[in-house]
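Novice: What follows is upload_12.cif, mmCIF, N, CA and C atoms.
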```cif
data_target
loop_
_atom_site.label_atom_id
_atom_site.label_comp_id
_atom_site.auth_asym_id
_atom_site.auth_seq_id
_atom_site.Cartn_x
_atom_site.Cartn_y
_atom_site.Cartn_z
N MET A 1 0.83 -1.19 0.00
CA MET A 1 0.00 0.00 0.00
C MET A 1 0.88 1.25 0.00
N LYS A 2 1.97 1.24 0.79
CA LYS A 2 2.85 2.39 0.86
C LYS A 2 3.48 2.65 -0.50
N ALA A 3 3.88 1.58 -1.19
CA ALA A 3 4.49 1.74 -2.51
C ALA A 3 3.50 2.34 -3.50
N SER A 4 2.25 1.93 -3.43
CA SER A 4 1.25 2.49 -4.34
C SER A 4 0.98 3.95 -4.02
N TYR A 5 1.03 4.32 -2.76
CA TYR A 5 0.84 5.72 -2.36
C TYR A 5 1.98 6.58 -2.91
N ILE A 6 3.20 6.09 -2.79
CA ILE A 6 4.35 6.82 -3.31
C ILE A 6 4.25 6.94 -4.82
N ALA A 7 3.87 5.85 -5.47
CA ALA A 7 3.72 5.88 -6.93
C ALA A 7 2.64 6.88 -7.34
N LEU A 8 1.54 6.90 -6.61
CA LEU A 8 0.46 7.84 -6.90
C LEU A 8 0.94 9.27 -6.73
N CYS A 9 1.64 9.55 -5.64
CA CYS A 9 2.17 10.90 -5.39
C CYS A 9 3.09 11.33 -6.53
N THR A 10 3.97 10.44 -6.92
CA THR A 10 4.90 10.75 -7.99
C THR A 10 4.17 11.01 -9.29
N LEU A 11 3.16 10.19 -9.59
CA LEU A 11 2.39 10.35 -10.81
C LEU A 11 1.66 11.70 -10.82
N VAL A 12 1.03 12.05 -9.70
CA VAL A 12 0.30 13.32 -9.63
C VAL A 12 1.25 14.48 -9.84
N VAL A 13 2.39 14.42 -9.20
CA VAL A 13 3.37 15.50 -9.34
C VAL A 13 3.84 15.62 -10.79
N MET A 14 4.05 14.49 -11.44
CA MET A 14 4.56 14.51 -12.80
C MET A 14 3.52 14.99 -13.81
N LEU A 15 2.23 14.83 -13.50
CA LEU A 15 1.19 15.21 -14.44
C LEU A 15 0.80 16.68 -14.39
N VAL A 16 1.23 17.38 -13.36
CA VAL A 16 0.85 18.78 -13.21
C VAL A 16 1.68 19.65 -14.15
N ALA A 17 1.01 20.56 -14.82
CA ALA A 17 1.70 21.43 -15.77
C ALA A 17 2.55 22.47 -15.06
N GLN A 18 3.60 22.90 -15.72
CA GLN A 18 4.47 23.93 -15.17
C GLN A 18 3.82 25.30 -15.36
N VAL A 19 4.03 26.17 -14.38
CA VAL A 19 3.48 27.51 -14.42
C VAL A 19 4.59 28.49 -14.08
N GLN A 20 4.64 29.60 -14.80
CA GLN A 20 5.66 30.61 -14.54
C GLN A 20 5.14 31.64 -13.54
N VAL A 21 6.00 32.08 -12.61
CA VAL A 21 5.69 33.18 -11.71
C VAL A 21 6.83 34.19 -11.77
N SER A 22 6.63 35.31 -11.12
CA SER A 22 7.67 36.33 -11.12
C SER A 22 8.89 35.86 -10.36
N MET A 23 9.94 36.65 -10.41
CA MET A 23 11.20 36.37 -9.73
C MET A 23 11.94 35.20 -10.38
N ALA A 24 11.67 34.92 -11.63
CA ALA A 24 12.39 33.91 -12.41
C ALA A 24 12.36 32.51 -11.79
N VAL A 25 11.35 32.21 -11.02
CA VAL A 25 11.19 30.86 -10.47
C VAL A 25 10.21 30.13 -11.37
N THR A 26 10.61 28.97 -11.82
CA THR A 26 9.72 28.14 -12.61
C THR A 26 8.99 27.21 -11.66
N CYS A 27 7.69 27.39 -11.53
CA CYS A 27 6.90 26.54 -10.64
C CYS A 27 6.68 25.19 -11.31
N SER A 28 7.24 24.19 -10.70
CA SER A 28 7.11 22.85 -11.24
C SER A 28 7.09 21.87 -10.07
N PRO A 29 5.93 21.30 -9.76
CA PRO A 29 5.85 20.36 -8.65
C PRO A 29 6.79 19.16 -8.81
N VAL A 30 7.17 18.87 -10.04
CA VAL A 30 8.10 17.77 -10.28
C VAL A 30 9.42 18.03 -9.55
N GLN A 31 9.75 19.31 -9.38
CA GLN A 31 10.98 19.66 -8.67
C GLN A 31 10.99 19.15 -7.23
N LEU A 32 9.80 18.89 -6.69
CA LEU A 32 9.71 18.41 -5.30
C LEU A 32 9.70 16.89 -5.21
N SER A 33 9.94 16.21 -6.31
CA SER A 33 9.90 14.74 -6.29
C SER A 33 10.95 14.15 -5.35
N SER A 34 12.03 14.87 -5.11
CA SER A 34 13.05 14.37 -4.17
C SER A 34 12.54 14.38 -2.73
N CYS A 35 11.38 14.99 -2.50
CA CYS A 35 10.81 15.07 -1.15
C CYS A 35 9.72 14.03 -0.89
N VAL A 36 9.36 13.26 -1.91
CA VAL A 36 8.23 12.33 -1.77
C VAL A 36 8.43 11.37 -0.61
N SER A 37 9.61 10.78 -0.49
CA SER A 37 9.81 9.81 0.59
C SER A 37 9.73 10.48 1.97
N ALA A 38 10.24 11.68 2.09
CA ALA A 38 10.18 12.39 3.37
C ALA A 38 8.74 12.79 3.72
N ILE A 39 7.96 13.14 2.71
CA ILE A 39 6.57 13.56 2.93
C ILE A 39 5.67 12.37 3.22
N THR A 40 5.94 11.24 2.60
CA THR A 40 5.06 10.09 2.76
C THR A 40 5.50 9.14 3.87
N SER A 41 6.61 9.43 4.51
CA SER A 41 7.08 8.59 5.62
C SER A 41 7.72 9.49 6.67
N SER A 42 8.38 8.90 7.61
CA SER A 42 9.01 9.70 8.65
C SER A 42 10.51 9.87 8.42
N THR A 43 10.98 9.56 7.21
CA THR A 43 12.40 9.74 6.92
C THR A 43 12.74 11.22 6.84
N PRO A 44 13.91 11.61 7.28
CA PRO A 44 14.28 13.03 7.20
C PRO A 44 14.50 13.44 5.74
N PRO A 45 14.25 14.70 5.43
CA PRO A 45 14.45 15.17 4.06
C PRO A 45 15.93 15.22 3.69
N SER A 46 16.21 14.96 2.44
CA SER A 46 17.59 15.03 1.96
C SER A 46 17.97 16.49 1.72
N ASN A 47 19.26 16.72 1.53
CA ASN A 47 19.73 18.07 1.21
C ASN A 47 19.12 18.55 -0.10
N LEU A 48 18.99 17.64 -1.06
CA LEU A 48 18.38 18.00 -2.34
C LEU A 48 16.93 18.42 -2.14
N CYS A 49 16.20 17.66 -1.33
CA CYS A 49 14.81 17.99 -1.02
C CYS A 49 14.72 19.40 -0.43
N CYS A 50 15.55 19.67 0.56
CA CYS A 50 15.52 21.00 1.21
C CYS A 50 15.84 22.12 0.23
N SER A 51 16.81 21.90 -0.63
CA SER A 51 17.13 22.96 -1.60
C SER A 51 15.98 23.18 -2.57
N LYS A 52 15.29 22.11 -2.95
CA LYS A 52 14.16 22.24 -3.86
C LYS A 52 12.97 22.92 -3.19
N ILE A 53 12.74 22.63 -1.91
CA ILE A 53 11.66 23.31 -1.19
C ILE A 53 11.94 24.80 -1.10
N LYS A 54 13.18 25.16 -0.80
CA LYS A 54 13.54 26.58 -0.73
C LYS A 54 13.37 27.24 -2.10
N GLU A 55 13.76 26.54 -3.14
CA GLU A 55 13.64 27.06 -4.50
C GLU A 55 12.18 27.23 -4.91
N GLN A 56 11.33 26.31 -4.51
CA GLN A 56 9.92 26.31 -4.91
C GLN A 56 9.01 27.05 -3.92
N LYS A 57 9.57 27.62 -2.86
CA LYS A 57 8.75 28.29 -1.84
C LYS A 57 7.79 29.33 -2.43
N PRO A 58 8.22 30.15 -3.41
CA PRO A 58 7.27 31.12 -3.98
C PRO A 58 6.07 30.46 -4.67
N CYS A 59 6.17 29.18 -4.95
CA CYS A 59 5.13 28.46 -5.68
C CYS A 59 4.17 27.70 -4.76
N LEU A 60 4.50 27.58 -3.48
CA LEU A 60 3.72 26.72 -2.59
C LEU A 60 2.25 27.13 -2.50
N CYS A 61 1.96 28.42 -2.49
CA CYS A 61 0.56 28.86 -2.43
C CYS A 61 -0.19 28.43 -3.69
N GLN A 62 0.48 28.49 -4.83
CA GLN A 62 -0.12 28.02 -6.07
C GLN A 62 -0.44 26.53 -5.98
N TYR A 63 0.48 25.76 -5.42
CA TYR A 63 0.28 24.32 -5.29
C TYR A 63 -0.88 24.03 -4.34
N LEU A 64 -1.03 24.86 -3.31
CA LEU A 64 -2.13 24.66 -2.35
C LEU A 64 -3.49 24.92 -3.00
N LYS A 65 -3.53 25.73 -4.03
CA LYS A 65 -4.79 26.02 -4.72
C LYS A 65 -5.17 24.91 -5.70
N ASN A 66 -4.24 24.05 -6.01
CA ASN A 66 -4.50 22.95 -6.94
C ASN A 66 -5.03 21.75 -6.15
N PRO A 67 -6.28 21.33 -6.38
CA PRO A 67 -6.86 20.24 -5.60
C PRO A 67 -6.09 18.92 -5.72
N ASN A 68 -5.40 18.71 -6.83
CA ASN A 68 -4.61 17.49 -6.98
C ASN A 68 -3.34 17.49 -6.13
N LEU A 69 -2.84 18.68 -5.83
CA LEU A 69 -1.60 18.78 -5.06
C LEU A 69 -1.83 19.11 -3.59
N LYS A 70 -2.94 19.77 -3.30
CA LYS A 70 -3.17 20.27 -1.95
C LYS A 70 -3.05 19.18 -0.89
N LYS A 71 -3.61 17.99 -1.14
CA LYS A 71 -3.59 16.95 -0.13
C LYS A 71 -2.17 16.51 0.22
N PHE A 72 -1.22 16.71 -0.69
CA PHE A 72 0.17 16.35 -0.40
C PHE A 72 0.94 17.53 0.16
N VAL A 73 0.75 18.70 -0.43
CA VAL A 73 1.48 19.89 -0.01
C VAL A 73 1.02 20.38 1.35
N ASP A 74 -0.25 20.19 1.66
CA ASP A 74 -0.82 20.70 2.92
C ASP A 74 -0.87 19.63 4.01
N SER A 75 -0.19 18.52 3.82
CA SER A 75 -0.21 17.45 4.81
C SER A 75 0.70 17.80 6.00
N PRO A 76 0.44 17.23 7.16
CA PRO A 76 1.32 17.48 8.31
C PRO A 76 2.77 17.10 8.02
N ASN A 77 2.98 16.01 7.29
CA ASN A 77 4.35 15.61 6.96
C ASN A 77 5.04 16.62 6.05
N ALA A 78 4.31 17.19 5.10
CA ALA A 78 4.90 18.20 4.22
C ALA A 78 5.30 19.43 5.03
N ARG A 79 4.47 19.81 5.97
CA ARG A 79 4.80 20.94 6.84
C ARG A 79 6.02 20.62 7.71
N ARG A 80 6.10 19.36 8.18
CA ARG A 80 7.26 18.94 8.98
C ARG A 80 8.53 19.00 8.15
N VAL A 81 8.45 18.53 6.91
CA VAL A 81 9.62 18.55 6.03
C VAL A 81 10.07 20.00 5.78
N ALA A 82 9.13 20.87 5.48
CA ALA A 82 9.47 22.28 5.24
C ALA A 82 10.11 22.89 6.48
N SER A 83 9.57 22.59 7.64
CA SER A 83 10.11 23.10 8.90
C SER A 83 11.53 22.57 9.15
N THR A 84 11.71 21.27 8.92
CA THR A 84 13.02 20.64 9.10
C THR A 84 14.05 21.29 8.16
N CYS A 85 13.61 21.68 6.98
CA CYS A 85 14.48 22.31 6.00
C CYS A 85 14.71 23.79 6.28
N GLY A 86 14.06 24.32 7.31
CA GLY A 86 14.23 25.72 7.65
C GLY A 86 13.48 26.66 6.71
N THR A 87 12.43 26.15 6.10
CA THR A 87 11.61 26.94 5.19
C THR A 87 10.22 27.07 5.78
N PRO A 88 9.91 28.20 6.41
CA PRO A 88 8.58 28.34 7.00
C PRO A 88 7.49 28.18 5.94
N PHE A 89 6.43 27.49 6.31
CA PHE A 89 5.32 27.28 5.39
C PHE A 89 4.59 28.61 5.22
N PRO A 90 4.28 28.99 3.98
CA PRO A 90 3.65 30.30 3.76
C PRO A 90 2.19 30.32 4.22
N ARG A 91 1.73 31.50 4.55
CA ARG A 91 0.31 31.72 4.82
C ARG A 91 -0.28 32.30 3.54
N CYS A 92 -1.19 31.57 2.97
CA CYS A 92 -1.72 31.99 1.66
C CYS A 92 -3.08 32.65 1.82
#
```
So that I can check it, write out the structure of this file as structure tokens.
Specialist:
Amino acid sequence: MKASYIALCTLVVMLVAQVQVSMAVTCSPVQLSSCVSAITSSTPPSNLCCSKIKEQKPCLCQYLKNPNLKKFVDSPNARRVASTCGTPFPRC
């Protein structure tokens, strides 16, 4: 079941279209794929995951508005990962 959940998360992230925002950040949920294991389990986030969360921080509110992503981005584990990475979760 855990493997299917991870596969589903990865698939959802890969299917979401890229969106451009200001400040030259390309919003792409696929960039957060290195965080899937940390978000779906209790494993600590990798350095790559933390750098991607910091890079994608301007996009998090956009991801929260997407019903396909919200359940993953707004989960307690996602908030824990962001906190562990030193990236405060935005108030949207």
Novice: Could you give me, as a list in words, the residues within 12 Å of Leu64 in chain A, counting only C-alpha atoms and dropping anything in the same chain fewer than 2 positions from it?
Specialist: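 These residues fall inside the cut-off: Pro29, Lys57, Pro58, Cys59, Leu60, Cys61, Gln62, Asn66, Pro67, Asn68, Leu69, Lys70, Lys71, Phe72, Val73, Asp74, Ser75, Ala78, Phe89, Pro90, Arg91 and Cys92 of chain A.
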Novice: For this structure, which residues satisfy the selection - the PyMOL selection byres ((chain A and resi 35) around 7) - when it is evaluated on the file as given? I want them as a list in words.
Specialist: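 What the PyMOL selection byres ((chain A and resi 35) around 7) grabs from the file is Gln31, Leu32, Ser33, Ser34, Val36, Ser37, Ala38, Ile39, Thr40, Pro45, Ser46, Leu48, Cys49 and Cys50 of chain A.
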Novice: Keeping only N, CA and C atoms, write those residues as an mmCIF file, in the frame of the given file.
Specialist:
```cif
data_model
loop_
_atom_site.group_PDB
_atom_site.id
_atom_site.type_symbol
_atom_site.label_atom_id
_atom_site.label_comp_id
_atom_site.auth_asym_id
_atom_site.auth_seq_id
_atom_site.Cartn_x
_atom_site.Cartn_y
_atom_site.Cartn_z
ATOM 1 N N GLN A 31 9.750 19.310 -9.380
ATOM 2 C CA GLN A 31 10.980 19.660 -8.670
ATOM 3 C C GLN A 31 10.990 19.150 -7.230
ATOM 4 N N LEU A 32 9.800 18.890 -6.690
ATOM 5 C CA LEU A 32 9.710 18.410 -5.300
ATOM 6 C C LEU A 32 9.700 16.890 -5.210
ATOM 7 N N SER A 33 9.940 16.210 -6.310
ATOM 8 C CA SER A 33 9.900 14.740 -6.290
ATOM 9 C C SER A 33 10.950 14.150 -5.350
ATOM 10 N N SER A 34 12.030 14.870 -5.110
ATOM 11 C CA SER A 34 13.050 14.370 -4.170
ATOM 12 C C SER A 34 12.540 14.380 -2.730
ATOM 13 N N VAL A 36 9.360 13.260 -1.910
ATOM 14 C CA VAL A 36 8.230 12.330 -1.770
ATOM 15 C C VAL A 36 8.430 11.370 -0.610
ATOM 16 N N SER A 37 9.610 10.780 -0.490
ATOM 17 C CA SER A 37 9.810 9.810 0.590
ATOM 18 C C SER A 37 9.730 10.480 1.970
ATOM 19 N N ALA A 38 10.240 11.680 2.090
ATOM 20 C CA ALA A 38 10.180 12.390 3.370
ATOM 21 C C ALA A 38 8.740 12.790 3.720
ATOM 22 N N ILE A 39 7.960 13.140 2.710
ATOM 23 C CA ILE A 39 6.570 13.560 2.930
ATOM 24 C C ILE A 39 5.670 12.370 3.220
ATOM 25 N N THR A 40 5.940 11.240 2.600
ATOM 26 C CA THR A 40 5.060 10.090 2.760
ATOM 27 C C THR A 40 5.500 9.140 3.870
ATOM 28 N N PRO A 45 14.250 14.700 5.430
ATOM 29 C CA PRO A 45 14.450 15.170 4.060
ATOM 30 C C PRO A 45 15.930 15.220 3.690
ATOM 31 N N SER A 46 16.210 14.960 2.440
ATOM 32 C CA SER A 46 17.590 15.030 1.960
ATOM 33 C C SER A 46 17.970 16.490 1.720
ATOM 34 N N LEU A 48 18.990 17.640 -1.060
ATOM 35 C CA LEU A 48 18.380 18.000 -2.340
ATOM 36 C C LEU A 48 16.930 18.420 -2.140
ATOM 37 N N CYS A 49 16.200 17.660 -1.330
ATOM 38 C CA CYS A 49 14.810 17.990 -1.020
ATOM 39 C C CYS A 49 14.720 19.400 -0.430
ATOM 40 N N CYS A 50 15.550 19.670 0.560
ATOM 41 C CA CYS A 50 15.520 21.000 1.210
ATOM 42 C C CYS A 50 15.840 22.120 0.230
#
```
Novice: Run DSSP on the backbone of this structure and report the residues of range 29-72 of chain A it assigns to alpha helix (DSSP H), as a PyMOL selection string.
Specialist: chain A and resi 36-40+47-56+60-65+67-72
Novice: Quick one: of A:Lys54, A:Ala24, A:Val30, A:Thr43, who's nearest to Cys85 in chain A, counting all atoms listed in the file?
Specialist: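 Among the listed residues, A:Lys54 lies closest to Cys85 in chain A.
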Novice: Work out how far CA of Thr26 in chain A is from CA of Ser83 in chain A, in Å to one decimal.
Specialist: 22.1 Å
